[in-house]
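Beneath this line is the structure, given in structure tokens, with notes to follow.
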Amino acid sequence: MTTTTAITSPMGSSVCRSSPFKFKCKFESPAKIRPFSSVRCVSDDPGSVPVSSRRKMVVLLSTVQLLSQFLPPNAKAEDIQSLMRNEIRKVVTKGKAAGVLRLVFHDAGTFELDDNTGGINGSIAYELERPENAGLKRSLKVLAKAKVNIDAIQPVSWADMIAVAGSEAVSICGGPTIPVVLGRLDSTEPDPEDKLPPETLSASGLKECFKRKGFSTQELVALSGAHTIGSKGFGAPTVFDNAYYKILLEKPWTSTSKMTSMIGLPSDHALVDDDECLRWVKQYAEDQDKFFKDFTNAYVKLANSGAKWKIL
């Protein structure tokens, strides 16, 4: 007799065993499904003897045990997402949004494809004294206030917390709503040093750096649009829009004015000095909807970079 039971997970394929039967479990990757989408486990018991009610109960209890490793004890995944976003909005104001978004870039930005090191894993908590992370301690403390309330209901990883908070920071400032799946695991140690792109990189250096992390030139330019909020000088500091690209095209840093010469970083300026990057800068300056769409896709990719996911 074949017994089919639906369970849920955001993970990859695996095989789970439950005496006296073996269950083959096929999990779809989080890139293809929403978190905790259905997974089917099918018994491969070759016997023809009908499974008794007692055996059915054993199978059911085994399934419940498996489910407990993935689903929150008191709520569904959607409820935890809602709880996280609500608590984050209580502590993240528009003025604090840029710092929170920067946390995502600095936690995930250590990822390297070649050796599969770094990535979004909450290790930023161990790296706050590094010069490139100056100022991020305040942003992490802001999120810690929300995390305490969330953990009281359902513990979540710092990696998930940072990923969701970054997407919420964008939304708070008028940007797109970015979906984020849950299930990332935290690291217990810092990531390797000197993995973030320096602010002084040229366009060719930026493209090479982002390529090592799995990002195209288009994704590089789209993600750079995160500087549209904050203190870099690209439009209103608390409004997420395409002003970043419009101002890049004006090259205000070339002015003799001390104020305008301070706008942006050298790595921002480099984008309009490269023909390939400039093509995307112009497109995003003309079409905010396209920028929002491409930023959303690139953010999801960034928020999954190097992530280790919960497994059975």
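Identifiers in the structure tokens: chain A, B, ... in order shown; residue index from 1 per chain; ligand index from 1 in order shown.
Residues in contact with Lys195 of chain A at 8 Å, where only C-alpha atoms are counted and same-chain residues fewer than 6 positions away are skipped, are listed as A:Gly109, A:Thr110, A:Phe111, A:Glu112.
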Selected residues written out, C-alpha atoms, as an mmCIF file, in the first residue's frame:
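Saved to part.cif:
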data_model
loop_
_atom_site.group_PDB
_atom_site.id
_atom_site.type_symbol
_atom_site.label_atom_id
_atom_site.label_comp_id
_atom_site.auth_asym_id
_atom_site.auth_seq_id
_atom_site.Cartn_x
_atom_site.Cartn_y
_atom_site.Cartn_z
ATOM 1 C CA GLY A 109 28.221 41.133 0.008
ATOM 2 C CA THR A 110 31.004 38.910 1.365
ATOM 3 C CA PHE A 111 29.835 36.027 -0.840
ATOM 4 C CA GLU A 112 32.322 34.537 -3.319
#
Closest pair table for segment 208-292 of chain A residues within 12 Å of segment 302-306 of chain A, only C-alpha atoms, as JSON lines:
{"residue": "A:Phe210", "atom": "CA", "partner": "A:Leu302", "partner_atom": "CA", "distance": 10.8}
{"residue": "A:Arg212", "atom": "CA", "partner": "A:Ser305", "partner_atom": "CA", "distance": 11.7}
{"residue": "A:Lys213", "atom": "CA", "partner": "A:Ser305", "partner_atom": "CA", "distance": 8.1}
{"residue": "A:Gly214", "atom": "CA", "partner": "A:Ser305", "partner_atom": "CA", "distance": 8.5}
{"residue": "A:Phe215", "atom": "CA", "partner": "A:Leu302", "partner_atom": "CA", "distance": 8.7}
{"residue": "A:Ser216", "atom": "CA", "partner": "A:Leu302", "partner_atom": "CA", "distance": 11.9}
{"residue": "A:Glu219", "atom": "CA", "partner": "A:Leu302", "partner_atom": "CA", "distance": 9.7}
{"residue": "A:Leu220", "atom": "CA", "partner": "A:Leu302", "partner_atom": "CA", "distance": 10.6}
{"residue": "A:Ala222", "atom": "CA", "partner": "A:Leu302", "partner_atom": "CA", "distance": 11.5}
{"residue": "A:Leu223", "atom": "CA", "partner": "A:Leu302", "partner_atom": "CA", "distance": 9.0}
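Close contacts of Pro192 of chain A, defined as residues with an atom at most 12 Å away when counting only C-alpha atoms, with chain neighbours fewer than 3 positions off set aside, comprise Asp107, Gly109, Thr110, Phe111, Glu112, Asp115, Asn116, Thr117, Gly118, Gly119, Ser123, Ile124, Tyr126, Glu127, Arg130, Glu189, Lys195 and Leu196 of chain A.
Our summary of the geometry notes that atom CA of Asp186 of chain A is positioned 16.2 Å from atom CA of Ile150 of chain A.
When only C-alpha atoms are used to measure the gap to Ser187 of chain A, the shortest distance among A:Glu168, A:Glu78, A:Glu199, A:Asp160 belongs to A:Asp160.
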For Lys96 of chain A, list every protein, DNA or RNA residue within 9 Å, evaluated using only C-alpha atoms, and leave out those in the same chain fewer than 4 positions away; present the list as a PyMOL selection string.
chain A and resi 91-92+100-101+139+142+169+230+238
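Near Lys251 of chain A, within 10 Å and counting only C-alpha atoms, sit Thr260, Ser261, Ile263, Gly264, His269 and Val272 of chain A; same-chain residues fewer than 6 positions away were not included.
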Tell me which of A:Ser202, A:Ser157, A:Ser171, A:Thr93 sits closest to Leu185 of chain A, counting only C-alpha atoms.
A:Ser157
Quick one: DSSP alpha helix (DSSP H) residues in segment 144-246 of chain A, as an MDAnalysis selection string?
chainID A and resid 144:153 158:172 203:212 217:224 243:246
Smallest atom-to-atom distance to Val221 of chain A: which of A:Leu103, A:Leu271, A:Ala98, A:Ala125, using only C-alpha atoms?
A:Leu271
Residue nearest Lys310 of chain A among A:Val181, A:Val170, A:Ile153, A:Ala97 (counting only C-alpha atoms)
A:Val181
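Counting only C-alpha atoms and comparing A:Leu140, A:Phe240, A:Pro197, A:Ile178, the residue that lies closest to Lys211 of chain A is A:Pro197.
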